[in-house]
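Trainee: Contents of target_1.cif (mmCIF, C-alpha atoms) are below:
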```cif
data_model
loop_
_atom_site.group_PDB
_atom_site.id
_atom_site.type_symbol
_atom_site.label_atom_id
_atom_site.label_comp_id
_atom_site.auth_asym_id
_atom_site.auth_seq_id
_atom_site.Cartn_x
_atom_site.Cartn_y
_atom_site.Cartn_z
ATOM 1 C CA MET A 1 -90.384 9.747 -11.827
ATOM 2 C CA THR A 2 -88.355 12.529 -10.405
ATOM 3 C CA ASP A 3 -88.969 11.325 -6.893
ATOM 4 C CA LYS A 4 -87.183 8.015 -7.140
ATOM 5 C CA PRO A 5 -86.691 5.863 -4.122
ATOM 6 C CA GLY A 6 -83.135 5.644 -2.914
ATOM 7 C CA SER A 7 -82.546 9.355 -2.696
ATOM 8 C CA ASP A 8 -82.226 8.956 1.061
ATOM 9 C CA ASP A 9 -79.535 6.334 0.435
ATOM 10 C CA SER A 10 -77.261 8.959 -1.077
ATOM 11 C CA ILE A 11 -76.251 10.097 2.391
ATOM 12 C CA PRO A 12 -74.990 6.740 3.679
ATOM 13 C CA GLU A 13 -73.303 6.042 0.346
ATOM 14 C CA SER A 14 -71.554 9.391 0.541
ATOM 15 C CA ALA A 15 -70.598 8.725 4.128
ATOM 16 C CA THR A 16 -69.217 5.354 3.197
ATOM 17 C CA ALA A 17 -67.141 6.904 0.391
ATOM 18 C CA THR A 18 -65.855 9.549 2.765
ATOM 19 C CA ASP A 19 -64.988 7.059 5.501
ATOM 20 C CA ALA A 20 -63.108 4.667 3.178
ATOM 21 C CA PRO A 21 -59.852 6.645 2.965
ATOM 22 C CA ASP A 22 -59.700 6.912 6.748
ATOM 23 C CA ASP A 23 -60.023 3.141 7.109
ATOM 24 C CA THR A 24 -57.318 2.580 4.446
ATOM 25 C CA THR A 25 -54.907 5.014 6.099
ATOM 26 C CA ALA A 26 -55.337 3.341 9.437
ATOM 27 C CA ASP A 27 -54.643 -0.066 7.941
ATOM 28 C CA ASP A 28 -51.645 1.087 5.835
ATOM 29 C CA ALA A 29 -49.778 2.969 8.583
ATOM 30 C CA PRO A 30 -48.294 -0.166 10.223
ATOM 31 C CA GLU A 31 -47.390 -1.535 6.803
ATOM 32 C CA GLU A 32 -45.527 1.659 5.861
ATOM 33 C CA GLY A 33 -43.685 1.563 9.199
ATOM 34 C CA GLU A 34 -42.681 -2.037 8.586
ATOM 35 C CA LYS A 35 -41.471 -1.151 5.090
ATOM 36 C CA LYS A 36 -39.318 1.665 6.480
ATOM 37 C CA ARG A 37 -37.835 -0.599 9.144
ATOM 38 C CA SER A 38 -37.223 -3.279 6.542
ATOM 39 C CA ALA A 39 -35.478 -0.759 4.249
ATOM 40 C CA LEU A 40 -33.277 0.458 7.110
ATOM 41 C CA LYS A 41 -32.436 -3.120 8.035
ATOM 42 C CA GLU A 42 -31.531 -3.970 4.436
ATOM 43 C CA GLY A 43 -29.411 -0.813 4.217
ATOM 44 C CA ALA A 44 -27.550 -1.700 7.405
ATOM 45 C CA ILE A 45 -26.919 -5.226 6.101
ATOM 46 C CA LEU A 46 -25.587 -3.866 2.792
ATOM 47 C CA VAL A 47 -23.270 -1.451 4.619
ATOM 48 C CA ALA A 48 -21.997 -4.268 6.848
ATOM 49 C CA ILE A 49 -21.379 -6.485 3.805
ATOM 50 C CA ALA A 50 -19.538 -3.633 2.055
ATOM 51 C CA VAL A 51 -17.310 -3.064 5.098
ATOM 52 C CA VAL A 52 -16.524 -6.783 5.363
ATOM 53 C CA LEU A 53 -15.694 -7.001 1.637
ATOM 54 C CA TYR A 54 -13.520 -3.900 1.907
ATOM 55 C CA TYR A 55 -11.707 -5.401 4.890
ATOM 56 C CA VAL A 56 -11.149 -8.674 3.010
ATOM 57 C CA MET A 57 -9.803 -6.776 0.006
ATOM 58 C CA LEU A 58 -7.395 -4.691 2.097
ATOM 59 C CA THR A 59 -6.219 -7.678 4.116
ATOM 60 C CA PHE A 60 -5.843 -10.323 1.437
ATOM 61 C CA ILE A 61 -6.040 -8.782 -2.055
ATOM 62 C CA ALA A 62 -4.831 -5.194 -2.485
ATOM 63 C CA ARG A 63 -4.309 -1.979 -0.558
ATOM 64 C CA PRO A 64 -3.526 1.634 -1.477
ATOM 65 C CA TYR A 65 -0.388 3.311 -0.146
ATOM 66 C CA LEU A 66 0.826 6.891 -0.300
ATOM 67 C CA ILE A 67 4.368 7.673 -1.469
ATOM 68 C CA PRO A 68 5.593 10.316 1.024
ATOM 69 C CA SER A 69 9.174 10.858 -0.144
ATOM 70 C CA GLU A 70 11.394 11.138 -3.190
ATOM 71 C CA SER A 71 13.321 7.905 -2.555
ATOM 72 C CA MET A 72 11.780 6.116 -5.563
ATOM 73 C CA GLU A 73 11.990 8.927 -8.122
ATOM 74 C CA PRO A 74 11.469 8.870 -11.042
ATOM 75 C CA THR A 75 9.491 5.612 -10.820
ATOM 76 C CA LEU A 76 7.263 6.855 -7.984
ATOM 77 C CA HIS A 77 6.702 10.494 -7.143
ATOM 78 C CA GLY A 78 6.631 11.864 -3.627
ATOM 79 C CA CYS A 79 7.873 14.829 -1.633
ATOM 80 C CA ALA A 80 7.042 16.791 1.494
ATOM 81 C CA GLY A 81 4.035 19.049 0.976
ATOM 82 C CA CYS A 82 3.179 17.814 -2.524
ATOM 83 C CA VAL A 83 0.646 15.391 -3.989
ATOM 84 C CA GLY A 84 2.475 12.074 -3.796
ATOM 85 C CA ASP A 85 1.574 9.027 -5.856
ATOM 86 C CA ARG A 86 -0.965 6.625 -4.404
ATOM 87 C CA ILE A 87 -0.124 3.118 -5.474
ATOM 88 C CA MET A 88 -2.122 -0.102 -5.373
ATOM 89 C CA VAL A 89 -0.200 -2.942 -3.783
ATOM 90 C CA ASP A 90 -0.930 -6.521 -4.831
ATOM 91 C CA LYS A 91 -1.076 -8.763 -1.744
ATOM 92 C CA VAL A 92 -1.880 -11.978 -3.636
ATOM 93 C CA THR A 93 1.170 -12.587 -5.845
ATOM 94 C CA TYR A 94 3.601 -13.483 -3.063
ATOM 95 C CA ARG A 95 1.214 -16.049 -1.642
ATOM 96 C CA PHE A 96 2.111 -18.168 -4.657
ATOM 97 C CA SER A 97 5.619 -16.958 -5.575
ATOM 98 C CA GLU A 98 8.719 -15.412 -4.030
ATOM 99 C CA PRO A 99 9.808 -11.770 -4.379
ATOM 100 C CA SER A 100 12.254 -11.359 -7.269
ATOM 101 C CA PRO A 101 15.006 -8.881 -8.203
ATOM 102 C CA GLY A 102 13.476 -5.848 -9.861
ATOM 103 C CA ASP A 103 10.155 -6.016 -8.013
ATOM 104 C CA VAL A 104 9.024 -2.793 -6.347
ATOM 105 C CA VAL A 105 7.679 -3.861 -2.963
ATOM 106 C CA VAL A 106 6.062 -2.360 0.116
ATOM 107 C CA PHE A 107 7.357 -3.851 3.344
ATOM 108 C CA LYS A 108 7.222 -3.333 7.079
ATOM 109 C CA GLY A 109 10.487 -1.895 8.335
ATOM 110 C CA PRO A 110 12.553 -4.261 10.527
ATOM 111 C CA PRO A 111 13.234 -3.018 14.087
ATOM 112 C CA ASN A 112 16.610 -1.490 13.250
ATOM 113 C CA TRP A 113 14.982 0.435 10.369
ATOM 114 C CA ASN A 114 12.484 2.117 12.702
ATOM 115 C CA VAL A 115 14.861 4.469 14.506
ATOM 116 C CA GLY A 116 13.293 7.917 14.311
ATOM 117 C CA TYR A 117 9.885 6.611 13.269
ATOM 118 C CA LYS A 118 7.076 8.577 14.938
ATOM 119 C CA SER A 119 3.660 7.123 15.586
ATOM 120 C CA ILE A 120 0.884 8.561 13.429
ATOM 121 C CA ARG A 121 -1.673 8.011 16.194
ATOM 122 C CA SER A 122 -3.241 10.809 18.249
ATOM 123 C CA ASP A 123 -2.041 11.492 21.790
ATOM 124 C CA ASN A 124 -5.687 11.522 22.870
ATOM 125 C CA THR A 125 -6.516 8.060 24.252
ATOM 126 C CA ALA A 126 -10.098 7.975 22.948
ATOM 127 C CA ILE A 127 -9.112 9.132 19.472
ATOM 128 C CA ARG A 128 -6.195 6.688 19.419
ATOM 129 C CA TYR A 129 -8.539 3.779 20.199
ATOM 130 C CA LEU A 130 -10.858 4.951 17.420
ATOM 131 C CA GLU A 131 -7.952 5.213 14.973
ATOM 132 C CA ASN A 132 -6.808 1.697 15.861
ATOM 133 C CA ALA A 133 -10.344 0.365 15.362
ATOM 134 C CA LEU A 134 -10.679 2.104 11.993
ATOM 135 C CA SER A 135 -7.268 0.777 11.008
ATOM 136 C CA VAL A 136 -8.573 -2.778 11.327
ATOM 137 C CA VAL A 137 -11.057 -2.141 8.505
ATOM 138 C CA GLY A 138 -8.638 -0.042 6.482
ATOM 139 C CA PHE A 139 -10.085 3.443 6.962
ATOM 140 C CA VAL A 140 -6.940 4.602 8.784
ATOM 141 C CA PRO A 141 -3.341 3.600 7.854
ATOM 142 C CA PRO A 142 -1.646 1.060 10.146
ATOM 143 C CA ASP A 143 0.664 2.537 12.751
ATOM 144 C CA GLU A 144 3.837 0.998 11.377
ATOM 145 C CA ASN A 145 6.864 2.032 9.355
ATOM 146 C CA ASP A 146 5.835 0.847 5.875
ATOM 147 C CA LEU A 147 8.428 1.483 3.171
ATOM 148 C CA VAL A 148 8.656 1.054 -0.601
ATOM 149 C CA LYS A 149 11.887 0.036 -2.372
ATOM 150 C CA ARG A 150 13.120 -2.074 -5.281
ATOM 151 C CA ILE A 151 14.583 -5.536 -4.708
ATOM 152 C CA ILE A 152 18.181 -5.729 -5.911
ATOM 153 C CA ALA A 153 19.273 -9.121 -4.568
ATOM 154 C CA THR A 154 17.635 -12.081 -2.845
ATOM 155 C CA GLY A 155 18.822 -14.808 -0.481
ATOM 156 C CA GLY A 156 22.128 -16.407 -1.465
ATOM 157 C CA GLN A 157 23.180 -13.615 -3.837
ATOM 158 C CA THR A 158 26.121 -11.295 -3.199
ATOM 159 C CA VAL A 159 25.668 -7.571 -3.785
ATOM 160 C CA GLU A 160 28.529 -5.083 -3.976
ATOM 161 C CA CYS A 161 29.322 -1.639 -5.321
ATOM 162 C CA ARG A 162 32.668 -0.190 -6.346
ATOM 163 C CA ALA A 163 33.422 3.049 -8.124
ATOM 164 C CA ASP A 164 35.042 1.303 -11.081
ATOM 165 C CA THR A 165 32.461 -1.442 -11.596
ATOM 166 C CA GLY A 166 29.257 0.076 -10.264
ATOM 167 C CA LEU A 167 26.592 -2.012 -8.602
ATOM 168 C CA THR A 168 27.034 -5.754 -9.098
ATOM 169 C CA VAL A 169 25.237 -8.919 -8.041
ATOM 170 C CA ASP A 170 27.320 -12.111 -7.990
ATOM 171 C CA GLY A 171 30.064 -10.125 -9.751
ATOM 172 C CA LYS A 172 27.890 -9.080 -12.721
ATOM 173 C CA PRO A 173 27.140 -5.380 -13.356
ATOM 174 C CA LEU A 174 23.458 -4.504 -13.237
ATOM 175 C CA LYS A 175 21.490 -2.783 -15.962
ATOM 176 C CA GLU A 176 19.009 -0.416 -14.364
ATOM 177 C CA PRO A 177 16.921 1.463 -16.946
ATOM 178 C CA TYR A 178 14.558 2.694 -14.226
ATOM 179 C CA LEU A 179 17.218 5.042 -12.799
ATOM 180 C CA ASN A 180 17.352 8.661 -13.875
ATOM 181 C CA ALA A 181 19.568 8.958 -16.969
ATOM 182 C CA GLN A 182 21.481 11.786 -15.295
ATOM 183 C CA THR A 183 22.801 9.367 -12.689
ATOM 184 C CA MET A 184 24.587 7.225 -15.259
ATOM 185 C CA ASN A 185 28.334 7.465 -15.657
ATOM 186 C CA ALA A 186 30.275 7.425 -18.910
ATOM 187 C CA ASP A 187 29.605 3.720 -19.483
ATOM 188 C CA PRO A 188 25.889 3.382 -20.377
ATOM 189 C CA LEU A 189 25.842 -0.175 -19.054
ATOM 190 C CA VAL A 190 27.363 0.606 -15.652
ATOM 191 C CA TYR A 191 25.935 2.884 -12.969
ATOM 192 C CA PRO A 192 28.050 4.505 -10.262
ATOM 193 C CA CYS A 193 27.464 3.753 -6.601
ATOM 194 C CA LEU A 194 25.809 7.151 -6.122
ATOM 195 C CA GLY A 195 27.104 7.156 -2.585
ATOM 196 C CA ASN A 196 29.668 5.207 -0.583
ATOM 197 C CA GLU A 197 31.101 1.983 -1.899
ATOM 198 C CA PHE A 198 29.710 -0.991 -0.038
ATOM 199 C CA GLY A 199 29.907 -4.739 0.360
ATOM 200 C CA PRO A 200 30.372 -7.409 -0.594
ATOM 201 C CA VAL A 201 27.203 -8.530 1.222
ATOM 202 C CA LYS A 202 25.962 -12.081 0.854
ATOM 203 C CA VAL A 203 22.227 -11.809 1.399
ATOM 204 C CA PRO A 204 21.043 -14.392 3.963
ATOM 205 C CA GLU A 205 18.367 -16.856 2.890
ATOM 206 C CA GLY A 206 14.866 -15.567 3.420
ATOM 207 C CA ARG A 207 15.975 -11.937 3.232
ATOM 208 C CA LEU A 208 16.209 -9.184 0.605
ATOM 209 C CA TRP A 209 18.604 -6.393 -0.287
ATOM 210 C CA VAL A 210 16.521 -3.371 -1.319
ATOM 211 C CA MET A 211 17.382 0.052 -2.714
ATOM 212 C CA GLY A 212 15.504 3.150 -3.812
ATOM 213 C CA ASP A 213 15.583 4.212 -7.448
ATOM 214 C CA ASN A 214 16.661 7.682 -6.311
ATOM 215 C CA ARG A 215 20.004 6.405 -5.021
ATOM 216 C CA THR A 216 21.266 9.737 -3.699
ATOM 217 C CA HIS A 217 18.111 10.301 -1.597
ATOM 218 C CA SER A 218 17.120 6.881 -0.303
ATOM 219 C CA ALA A 219 17.547 5.461 3.192
ATOM 220 C CA ASP A 220 17.647 1.868 1.992
ATOM 221 C CA SER A 221 19.709 -1.234 2.808
ATOM 222 C CA ARG A 222 22.898 0.802 2.612
ATOM 223 C CA ALA A 223 21.718 3.131 5.382
ATOM 224 C CA HIS A 224 20.865 0.333 7.822
ATOM 225 C CA CYS A 225 23.790 -2.054 7.385
ATOM 226 C CA THR A 226 26.811 -2.366 9.651
ATOM 227 C CA SER A 227 30.496 -2.007 8.789
ATOM 228 C CA THR A 228 33.742 -3.211 10.259
ATOM 229 C CA PRO A 229 35.773 -0.371 11.819
ATOM 230 C CA GLU A 230 38.566 -0.835 9.276
ATOM 231 C CA ASP A 231 36.252 -0.605 6.264
ATOM 232 C CA ALA A 232 34.308 2.271 7.786
ATOM 233 C CA GLN A 233 37.544 4.276 7.957
ATOM 234 C CA LYS A 234 38.039 3.576 4.244
ATOM 235 C CA GLY A 235 34.484 4.738 3.457
ATOM 236 C CA ILE A 236 33.323 1.241 2.533
ATOM 237 C CA LEU A 237 29.964 0.359 4.066
ATOM 238 C CA CYS A 238 28.031 -2.824 4.797
ATOM 239 C CA THR A 239 30.865 -5.231 5.465
ATOM 240 C CA GLY A 240 29.587 -6.256 8.903
ATOM 241 C CA ASP A 241 26.485 -8.219 9.875
ATOM 242 C CA PRO A 242 24.552 -8.979 6.653
ATOM 243 C CA MET A 243 21.275 -9.225 8.595
ATOM 244 C CA ALA A 244 21.287 -5.537 9.534
ATOM 245 C CA GLY A 245 20.821 -4.090 6.064
ATOM 246 C CA THR A 246 18.499 -6.745 4.697
ATOM 247 C CA VAL A 247 14.724 -7.175 4.994
ATOM 248 C CA PRO A 248 12.965 -10.432 5.913
ATOM 249 C CA VAL A 249 10.782 -11.783 3.109
ATOM 250 C CA ASP A 250 8.063 -12.217 5.745
ATOM 251 C CA ASN A 251 7.993 -8.419 6.163
ATOM 252 C CA VAL A 252 6.940 -7.891 2.547
ATOM 253 C CA ILE A 253 3.346 -6.660 2.383
ATOM 254 C CA GLY A 254 2.967 -6.844 -1.377
ATOM 255 C CA LYS A 255 4.084 -5.830 -4.838
ATOM 256 C CA ALA A 256 3.454 -2.333 -6.217
ATOM 257 C CA ARG A 257 1.319 -2.766 -9.337
ATOM 258 C CA PHE A 258 0.097 0.606 -10.550
ATOM 259 C CA ILE A 259 -0.275 4.281 -9.707
ATOM 260 C CA ALA A 260 -3.923 4.957 -8.876
ATOM 261 C CA TRP A 261 -3.663 8.688 -8.120
ATOM 262 C CA PRO A 262 -3.294 11.390 -9.319
ATOM 263 C CA PRO A 263 -4.880 10.768 -12.757
ATOM 264 C CA SER A 264 -1.973 12.482 -14.502
ATOM 265 C CA ARG A 265 0.287 9.720 -13.157
ATOM 266 C CA TRP A 266 -1.880 6.699 -13.973
ATOM 267 C CA GLY A 267 0.199 3.760 -15.121
ATOM 268 C CA GLY A 268 1.904 0.535 -14.120
ATOM 269 C CA VAL A 269 4.954 0.224 -11.886
ATOM 270 C CA SER A 270 7.894 -1.328 -13.707
ATOM 271 C CA SER A 271 9.430 -4.569 -12.413
ATOM 272 C CA VAL A 272 12.548 -4.740 -14.564
ATOM 273 C CA ASN A 273 15.019 -7.394 -13.421
ATOM 274 C CA PRO A 274 18.346 -5.479 -13.299
ATOM 275 C CA GLN A 275 20.273 -8.734 -13.416
ATOM 276 C CA GLN A 276 18.867 -9.500 -16.853
ATOM 277 C CA GLY A 277 18.735 -5.994 -18.237
#
```
When written as structure tokens, how does the structure in this file appear?

Mentor:
Amino acid sequence: MTDKPGSDDSIPESATATDAPDDTTADDAPEEGEKKRSALKEGAILVAIAVVLYYVMLTFIARPYLIPSESMEPTLHGCAGCVGDRIMVDKVTYRFSEPSPGDVVVFKGPPNWNVGYKSIRSDNTAIRYLENALSVVGFVPPDENDLVKRIIATGGQTVECRADTGLTVDGKPLKEPYLNAQTMNADPLVYPCLGNEFGPVKVPEGRLWVMGDNRTHSADSRAHCTSTPEDAQKGILCTGDPMAGTVPVDNVIGKARFIAWPPSRWGGVSSVNPQQG
């Protein structure tokens, strides 16, 4: 009874049990390799899809921009060496409507606005090519003079500023609550020119007259216009070619919608029509 047959079989059974894991490992190795390759392939596809979606968003929907200067204070904050506002610019709205007075817009500077503009690209050829390639997908800013200002007048309207009447469009004084209260004069409904008198300028069709909210520190339409010699001697600007100081509507990149960074500045960007108050 103690000497049961089959005791000799314990050796091959044990050997079979011992050999089984080796056979399984040999069979599973190619499968694990395929799984890893499949995972890497799926990851690469997801990254490619993400890059394409990001490119589509930047090109057709919205794009972030940094405010580098104080020209739009107090609406938008920016200064040399500080943390400027980063705004999100809506690139969809103007596909279905026209820019309007009061809109804060980002636009590409016309040629005569680009005097003094320095390329942000590296002097190294290889790095410059890389920067240009990354710019296509939005990881590097475009190498162009992009500016942000508020629309004051559109095509067909006449803009002018005189010390006694302030800024007017089609002869009507503007109400600009977005300006710093300290820049107002004695009349709460009339703002001074905050600089030289200018105009009248009849804005050509398809173009815009734009100004910064920080009127004393903004190189806007007033800084790029031309003047007749007689008016220039009187200190009155922008009485020459109306094209020089205006911006083509086609140069508008989009409408500033909200401040995305820093968190302490989160909020929308006002689009108050100064002609309606």

Trainee: Using all atoms listed in the file, I'd like a table of the residues in region 109-181 of chain A that come within 10 Å of region 205-208 of chain A; for each, show the closest atom pair and its distance in Å rounded to one decimal, ordered by chain and ascending number, as JSON lines.

Mentor:
```
{"residue": "A:Arg150", "atom": "CA", "partner": "A:Leu208", "partner_atom": "CA", "distance": 9.7}
{"residue": "A:Ile151", "atom": "CA", "partner": "A:Leu208", "partner_atom": "CA", "distance": 6.6}
{"residue": "A:Ile152", "atom": "CA", "partner": "A:Leu208", "partner_atom": "CA", "distance": 7.6}
{"residue": "A:Ala153", "atom": "CA", "partner": "A:Leu208", "partner_atom": "CA", "distance": 6.0}
{"residue": "A:Thr154", "atom": "CA", "partner": "A:Leu208", "partner_atom": "CA", "distance": 4.7}
{"residue": "A:Gly155", "atom": "CA", "partner": "A:Glu205", "partner_atom": "CA", "distance": 4.0}
{"residue": "A:Gly156", "atom": "CA", "partner": "A:Glu205", "partner_atom": "CA", "distance": 5.8}
{"residue": "A:Gln157", "atom": "CA", "partner": "A:Glu205", "partner_atom": "CA", "distance": 8.9}
```

Trainee: Ranking A:Cys225, A:Val106, A:Ala219, A:Ala163 by minimum distance to Asn196 (chain A) and counting only C-alpha atoms, which one comes first?

Mentor: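 Among the listed residues, A:Ala163 lies closest to Asn196 (chain A).
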
Trainee: So what does the PyMOL selection byres ((chain A and resi 69) around 6) actually pick up in this one, as a list in words?

Mentor: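 In the shown coordinates, the PyMOL selection byres ((chain A and resi 69) around 6) covers Ile67, Pro68, Glu70, Ser71, Gly78 and Cys79 of chain A.
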
Trainee: Those residues you just picked out, can you put them in a file as a short mmCIF file (atom, residue, chain, number, x, y, z; two decimals), in the frame of the given file with C-alpha atoms?

Mentor:
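Result written to selection12.cif:
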```
data_model
loop_
_atom_site.label_atom_id
_atom_site.label_comp_id
_atom_site.auth_asym_id
_atom_site.auth_seq_id
_atom_site.Cartn_x
_atom_site.Cartn_y
_atom_site.Cartn_z
CA ILE A 67 4.37 7.67 -1.47
CA PRO A 68 5.59 10.32 1.02
CA GLU A 70 11.39 11.14 -3.19
CA SER A 71 13.32 7.90 -2.56
CA GLY A 78 6.63 11.86 -3.63
CA CYS A 79 7.87 14.83 -1.63
#
```

Trainee: Do you know which residues are at most 10 Å from Asp90 (chain A) counting only C-alpha atoms, after dropping those on the same chain fewer than 6 positions away, and could you put them as a list in words?

Mentor: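 Residues meeting the cut-off are Leu58, Phe60, Ile61, Ala62, Arg63, Pro64, Val105, Val106, Ile253, Gly254, Lys255, Ala256, Arg257 and Phe258 of chain A.
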
Trainee: Here is a test: counting only C-alpha atoms, which residue of A:Leu76, A:Ala232, A:Cys82, A:Leu167 is nearest to Trp266 (chain A)?

Mentor: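 Once distances to Trp266 (chain A) are computed over only C-alpha atoms, the minimum belongs to A:Leu76.
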
Trainee: Run the PyMOL selection byres ((chain A and resi 211) around 9) on the file and write out the hits as an NGL selection string.

Mentor: :A and (71-72 or 149-152 or 209-210 or 212-215 or 218-222)

Trainee: Near Thr75 (chain A), within 9 Å and counting all atoms listed in the file, which residues show up once chain neighbours fewer than 2 positions away are dropped, as JSON, numbers by chain?

Mentor: {"A": [72, 73, 77, 178, 179, 180, 213, 214, 269, 270]}
